[in-house]
>>> print(open('entry-v1.cif').read())   # mmCIF, C-alpha atoms
data_upload
loop_
_atom_site.label_atom_id
_atom_site.label_comp_id
_atom_site.auth_asym_id
_atom_site.auth_seq_id
_atom_site.Cartn_x
_atom_site.Cartn_y
_atom_site.Cartn_z
CA MET B 1 -38.39 26.68 -121.37
CA ASN B 2 -38.27 30.34 -120.33
CA SER B 3 -36.09 32.32 -122.75
CA PHE B 4 -35.15 34.63 -119.86
CA ALA B 5 -34.02 32.04 -117.32
CA GLY B 6 -30.72 33.08 -115.75
CA TYR B 7 -31.13 36.79 -116.49
CA GLN B 8 -31.81 39.42 -113.83
CA ALA B 9 -33.09 42.13 -116.18
CA ILE B 10 -34.99 42.25 -119.46
CA LEU B 11 -34.47 45.35 -121.61
CA PHE B 12 -36.78 46.26 -124.47
CA ASP B 13 -36.39 48.51 -127.46
CA LEU B 14 -39.70 50.22 -128.33
CA ASP B 15 -40.16 51.25 -131.96
CA GLY B 16 -40.17 48.23 -134.25
CA THR B 17 -39.71 45.82 -131.34
CA LEU B 18 -42.86 46.16 -129.22
CA VAL B 19 -44.91 48.56 -131.32
CA ASP B 20 -44.99 49.27 -135.04
CA THR B 21 -44.65 53.04 -134.74
CA MET B 22 -42.26 53.43 -137.67
CA PRO B 23 -45.05 54.32 -140.13
CA LEU B 24 -46.12 57.13 -137.79
CA HIS B 25 -42.56 58.42 -137.39
CA TYR B 26 -42.17 58.39 -141.17
CA LEU B 27 -45.46 60.20 -141.74
CA ALA B 28 -44.44 62.86 -139.22
CA TYR B 29 -40.99 63.45 -140.72
CA ALA B 30 -42.33 63.35 -144.28
CA LYS B 31 -45.02 65.92 -143.41
CA VAL B 32 -42.53 68.34 -141.84
CA LEU B 33 -40.00 68.01 -144.66
CA ARG B 34 -42.71 68.26 -147.32
CA GLU B 35 -43.73 71.60 -145.81
CA MET B 36 -40.10 72.66 -146.34
CA GLY B 37 -40.21 71.59 -149.98
CA LEU B 38 -38.32 68.36 -149.41
CA ASP B 39 -39.32 64.80 -150.34
CA LEU B 40 -38.30 62.04 -147.90
CA LYS B 41 -38.79 58.58 -149.36
CA GLN B 42 -39.98 55.89 -146.95
CA SER B 43 -37.30 53.43 -148.10
CA VAL B 44 -34.60 56.01 -147.34
CA PHE B 45 -36.13 56.73 -143.94
CA MET B 46 -36.13 53.02 -143.04
CA ASP B 47 -32.46 52.70 -144.06
CA LEU B 48 -31.40 55.61 -141.82
CA ILE B 49 -33.41 55.08 -138.62
CA GLY B 50 -31.79 53.85 -135.40
CA PRO B 51 -29.66 56.60 -133.84
CA PRO B 52 -31.24 59.54 -131.95
CA ALA B 53 -33.01 62.27 -133.91
CA ARG B 54 -30.16 64.77 -133.62
CA GLN B 55 -28.04 62.35 -135.63
CA THR B 56 -30.63 61.16 -138.14
CA ILE B 57 -32.37 64.46 -138.97
CA PRO B 58 -29.38 65.82 -140.95
CA LEU B 59 -29.30 62.53 -142.87
CA PHE B 60 -33.05 62.73 -143.58
CA VAL B 61 -32.78 66.33 -144.77
CA GLU B 62 -29.78 65.67 -147.00
CA ALA B 63 -31.36 62.51 -148.44
CA ALA B 64 -34.47 64.55 -149.23
CA GLY B 65 -32.41 67.12 -151.12
CA GLY B 66 -31.84 69.77 -148.46
CA ILE B 67 -28.94 71.27 -146.57
CA CYS B 68 -29.08 70.97 -142.79
CA ASP B 69 -27.56 73.04 -139.99
CA ALA B 70 -28.05 72.91 -136.22
CA GLU B 71 -30.91 75.40 -136.32
CA MET B 72 -32.75 73.32 -138.89
CA VAL B 73 -32.25 70.16 -136.83
CA ALA B 74 -33.96 71.82 -133.88
CA GLU B 75 -36.80 73.14 -136.05
CA VAL B 76 -37.44 69.81 -137.77
CA HIS B 77 -37.31 67.94 -134.47
CA ALA B 78 -39.79 70.26 -132.76
CA LYS B 79 -42.25 70.16 -135.66
CA LYS B 80 -41.84 66.40 -136.04
CA LYS B 81 -42.70 65.82 -132.38
CA MET B 82 -45.92 67.81 -132.80
CA ALA B 83 -46.82 65.96 -135.99
CA PHE B 84 -46.11 62.60 -134.33
CA GLN B 85 -48.41 63.47 -131.42
CA GLU B 86 -51.16 64.28 -133.93
CA TYR B 87 -50.73 60.98 -135.76
CA LEU B 88 -50.65 59.16 -132.42
CA GLN B 89 -54.17 60.46 -131.73
CA THR B 90 -55.58 59.50 -135.13
CA GLU B 91 -53.73 56.33 -136.18
CA LYS B 92 -54.03 52.92 -134.53
CA LEU B 93 -50.85 51.53 -132.97
CA THR B 94 -50.02 47.97 -133.95
CA LEU B 95 -48.49 45.73 -131.28
CA LEU B 96 -45.77 43.37 -132.48
CA PRO B 97 -45.33 39.69 -131.57
CA ALA B 98 -42.45 40.47 -129.17
CA VAL B 99 -45.06 41.80 -126.72
CA GLY B 100 -45.50 38.10 -125.93
CA TYR B 101 -42.19 38.28 -124.06
CA PHE B 102 -43.96 40.24 -121.31
CA ASP B 103 -45.55 36.97 -120.19
CA LEU B 104 -42.11 35.40 -119.65
CA ILE B 105 -40.84 37.96 -117.13
CA ALA B 106 -40.46 36.61 -113.59
CA GLU B 107 -41.41 38.71 -110.58
CA THR B 108 -37.74 38.93 -109.58
CA GLN B 109 -36.57 40.24 -112.95
CA ARG B 110 -36.17 43.98 -113.54
CA THR B 111 -37.32 45.63 -116.77
CA ALA B 112 -36.23 48.64 -118.79
CA LEU B 113 -37.23 50.40 -121.97
CA VAL B 114 -34.24 51.51 -124.05
CA THR B 115 -35.30 53.63 -127.01
CA SER B 116 -33.55 56.03 -129.36
CA GLY B 117 -36.72 58.12 -129.41
CA ASN B 118 -37.15 61.27 -127.35
CA ARG B 119 -38.67 61.00 -123.87
CA GLU B 120 -41.81 62.94 -124.72
CA GLY B 121 -42.63 60.70 -127.66
CA ALA B 122 -41.85 57.49 -125.78
CA GLN B 123 -44.02 58.50 -122.84
CA ALA B 124 -46.87 59.41 -125.20
CA ILE B 125 -46.70 55.96 -126.78
CA LEU B 126 -46.61 54.24 -123.37
CA ALA B 127 -49.56 56.31 -122.15
CA THR B 128 -51.56 55.46 -125.27
CA LEU B 129 -50.94 51.75 -124.67
CA GLY B 130 -51.52 51.88 -120.90
CA TRP B 131 -47.90 50.89 -120.28
CA ALA B 132 -46.83 53.92 -118.22
CA ASP B 133 -45.88 51.75 -115.22
CA ARG B 134 -44.69 48.63 -117.03
CA PHE B 135 -40.93 49.35 -116.87
CA ASP B 136 -38.64 49.90 -113.88
CA THR B 137 -36.68 52.52 -115.83
CA ILE B 138 -36.78 54.22 -119.22
CA VAL B 139 -33.74 55.33 -121.19
CA THR B 140 -34.39 57.56 -124.21
CA GLY B 141 -32.30 59.34 -126.77
CA ASP B 142 -32.56 62.43 -124.57
CA ASP B 143 -30.64 60.67 -121.79
CA VAL B 144 -27.45 59.79 -123.66
CA SER B 145 -24.73 61.61 -125.53
CA GLN B 146 -24.14 58.68 -127.88
CA GLY B 147 -27.01 56.61 -129.21
CA LYS B 148 -27.21 53.12 -130.64
CA PRO B 149 -25.07 51.37 -131.90
CA HIS B 150 -22.91 52.83 -129.10
CA PRO B 151 -23.33 50.84 -125.85
CA GLU B 152 -24.15 53.93 -123.74
CA PRO B 153 -27.97 53.51 -123.79
CA TYR B 154 -27.82 49.93 -122.55
CA LEU B 155 -25.04 50.58 -120.05
CA LEU B 156 -27.09 53.43 -118.58
CA ALA B 157 -30.15 51.19 -118.28
CA ALA B 158 -28.14 48.46 -116.51
CA ALA B 159 -26.68 51.03 -114.11
CA ARG B 160 -30.13 52.40 -113.30
CA LEU B 161 -31.39 48.88 -112.67
CA ASP B 162 -28.29 48.06 -110.61
CA VAL B 163 -27.76 44.89 -112.65
CA ARG B 164 -24.50 43.80 -114.28
CA PRO B 165 -24.69 43.95 -118.10
CA GLU B 166 -23.91 40.25 -118.48
CA LYS B 167 -27.03 39.50 -116.44
CA CYS B 168 -29.20 41.47 -118.88
CA VAL B 169 -30.93 40.37 -122.07
CA ALA B 170 -31.99 42.95 -124.64
CA LEU B 171 -34.74 42.61 -127.22
CA GLU B 172 -34.07 44.49 -130.44
CA ASP B 173 -35.19 44.62 -134.06
CA THR B 174 -32.31 46.45 -135.80
CA PRO B 175 -28.60 45.81 -136.35
CA ASN B 176 -27.80 49.11 -134.57
CA GLY B 177 -29.80 48.07 -131.51
CA ILE B 178 -28.32 44.59 -131.39
CA SER B 179 -24.80 46.01 -131.74
CA SER B 180 -25.51 48.47 -128.90
CA ALA B 181 -26.63 45.75 -126.51
CA GLU B 182 -23.82 43.36 -127.42
CA ALA B 183 -21.21 46.13 -127.09
CA ALA B 184 -22.57 46.73 -123.58
CA GLY B 185 -21.86 43.09 -122.75
CA MET B 186 -25.46 41.90 -122.88
CA THR B 187 -27.19 39.05 -124.65
CA ALA B 188 -29.26 40.40 -127.54
CA ILE B 189 -32.31 38.72 -129.03
CA ASP B 190 -33.36 39.67 -132.56
CA VAL B 191 -37.15 39.82 -132.21
CA THR B 192 -37.62 39.67 -135.96
CA ASP B 193 -36.79 35.99 -135.48
CA ILE B 194 -39.94 35.46 -133.44
CA GLU B 195 -39.44 31.71 -133.04
CA HIS B 196 -37.34 32.70 -130.01
CA VAL B 197 -40.56 33.40 -128.08
CA GLN B 198 -41.32 30.35 -125.96
#
>>> encode(input="entry-v1.cif", output="structure tokens")
Amino acid sequence: MNSFAGYQAILFDLDGTLVDTMPLHYLAYAKVLREMGLDLKQSVFMDLIGPPARQTIPLFVEAAGGICDAEMVAEVHAKKKMAFQEYLQTEKLTLLPAVGYFDLIAETQRTALVTSGNREGAQAILATLGWADRFDTIVTGDDVSQGKPHPEPYLLAAARLDVRPEKCVALEDTPNGISSAEAAGMTAIDVTDIEHVQ
């Protein structure tokens, strides 16, 4: 049985769903904050990830013992993106089991990538994996004013695909992502329960 039968569009989260990039994101943030004299614990990072960087950076900084303003958010984000690019060149990306869902997509079904990450970082990951042309549209944290768990990212993807939300299924690995897709009126699949792949 095809898990996607009856759906017109399949929408994928990226980090933690298709690719295990979280260790690289953590290394990049930890490096930047360490250079500022701050110590970001990995367990704290994992608890706070999900929304776009402009929302999580103040939380990372405060959790690491710092005080954050808008100028610092911009500085941390810029340096983090450079550090992430460096790690992307030196560290091996690990594909996750949900990549198996690619084989279930019918020729008539549209696809989208819906990530909280910035566009530059997402495109770098896709280029590294040879996936630059895999998706019909890409929605990143740069494209929305409100990130997951707000429905805006998934509603924007559905609009770009010209598919009604109820005809979309979203693959996600976090409560924030699942809440975002469900609030948009979509069916959400928790890919951490990999027995769904058929």
>>> atom_distance(input="entry-v1.cif", atom1="CA of Tyr29 (chain B)", atom2="CA of Tyr154 (chain B)")
26.2 Å
>>> residues_around(input="entry-v1.cif", residues="Gln42 (chain B)", least_positions_apart="5", cutoff="9 Å", atoms="only C-alpha atoms", output="VMD selection string")
chain B and resid 23 26 to 27 30 47
>>> closest_residue(input="entry-v1.cif", among="B:Gly117, B:Pro149, B:Gly177, B:Pro165", to="Ala9 (chain B)", atoms="only C-alpha atoms")
B:Pro165
>>> closest_residue(input="entry-v1.cif", among="B:Asp69, B:Glu91, B:Glu166, B:Glu172", to="Lys148 (chain B)", atoms="all atoms listed in the file")
B:Glu172
>>> resolve_selection(input="entry-v1.cif", expression="the PyMOL selection byres ((chain B and resi 134) around 12)", output="MDAnalysis selection string")
chainID B and resid 10:12 99 102 105 110:113 123 126:127 129:133 135:138
>>> atom_distance(input="entry-v1.cif", atom1="CA of Val169 (chain B)", atom2="CA of Ser145 (chain B)")
22.4 Å
>>> residues_near_point(input="entry-v1.cif", point="(-36.3, 43.6, -132.8)", cutoff="9 Å", atoms="all atoms listed in the file", output="list of chain:residue names")
B:Phe12, B:Asp13, B:Leu14, B:Asp15, B:Gly16, B:Thr17, B:Leu18, B:Ala98, B:Leu171, B:Glu172, B:Asp173, B:Thr174, B:Pro175, B:Gly177, B:Ile178, B:Ile189, B:Asp190, B:Val191, B:Thr192, B:Asp193, B:Ile194
>>> atom_distance(input="entry-v1.cif", atom1="CA of Leu156 (chain B)", atom2="CA of Leu24 (chain B)")
27.3 Å
>>> closest_residue(input="entry-v1.cif", among="B:Asp142, B:Glu120, B:Glu86, B:Asp39", to="Ala64 (chain B)", atoms="only C-alpha atoms")
B:Asp39
>>> residues_near_point(input="entry-v1.cif", point="(-50.9, 60.9, -130.6)", cutoff="12 Å", atoms="only C-alpha atoms", output="VMD selection string")
chain B and resid 21 24 to 25 28 80 to 93 120 to 129
>>> resolve_selection(input="entry-v1.cif", expression="the PyMOL selection byres ((chain B and resi 6) around 10)", output="list in words")
Asn2, Ser3, Phe4, Ala5, Tyr7, Gln8, Ala9, Gln109, Lys167, Cys168 and Val169 of chain B
>>> write_last_selection(input="entry-v1.cif", atoms="C-alpha atoms", output="PDB file, keeping the file's coordinate frame")
ATOM      1  CA  ASN B   2     -38.270  30.340-120.330  1.00  0.00           C
ATOM      2  CA  SER B   3     -36.090  32.320-122.750  1.00  0.00           C
ATOM      3  CA  PHE B   4     -35.150  34.630-119.860  1.00  0.00           C
ATOM      4  CA  ALA B   5     -34.020  32.040-117.320  1.00  0.00           C
ATOM      5  CA  TYR B   7     -31.130  36.790-116.490  1.00  0.00           C
ATOM      6  CA  GLN B   8     -31.810  39.420-113.830  1.00  0.00           C
ATOM      7  CA  ALA B   9     -33.090  42.130-116.180  1.00  0.00           C
ATOM      8  CA  GLN B 109     -36.570  40.240-112.950  1.00  0.00           C
ATOM      9  CA  LYS B 167     -27.030  39.500-116.440  1.00  0.00           C
ATOM     10  CA  CYS B 168     -29.200  41.470-118.880  1.00  0.00           C
ATOM     11  CA  VAL B 169     -30.930  40.370-122.070  1.00  0.00           C
TER      12      VAL B 169
END
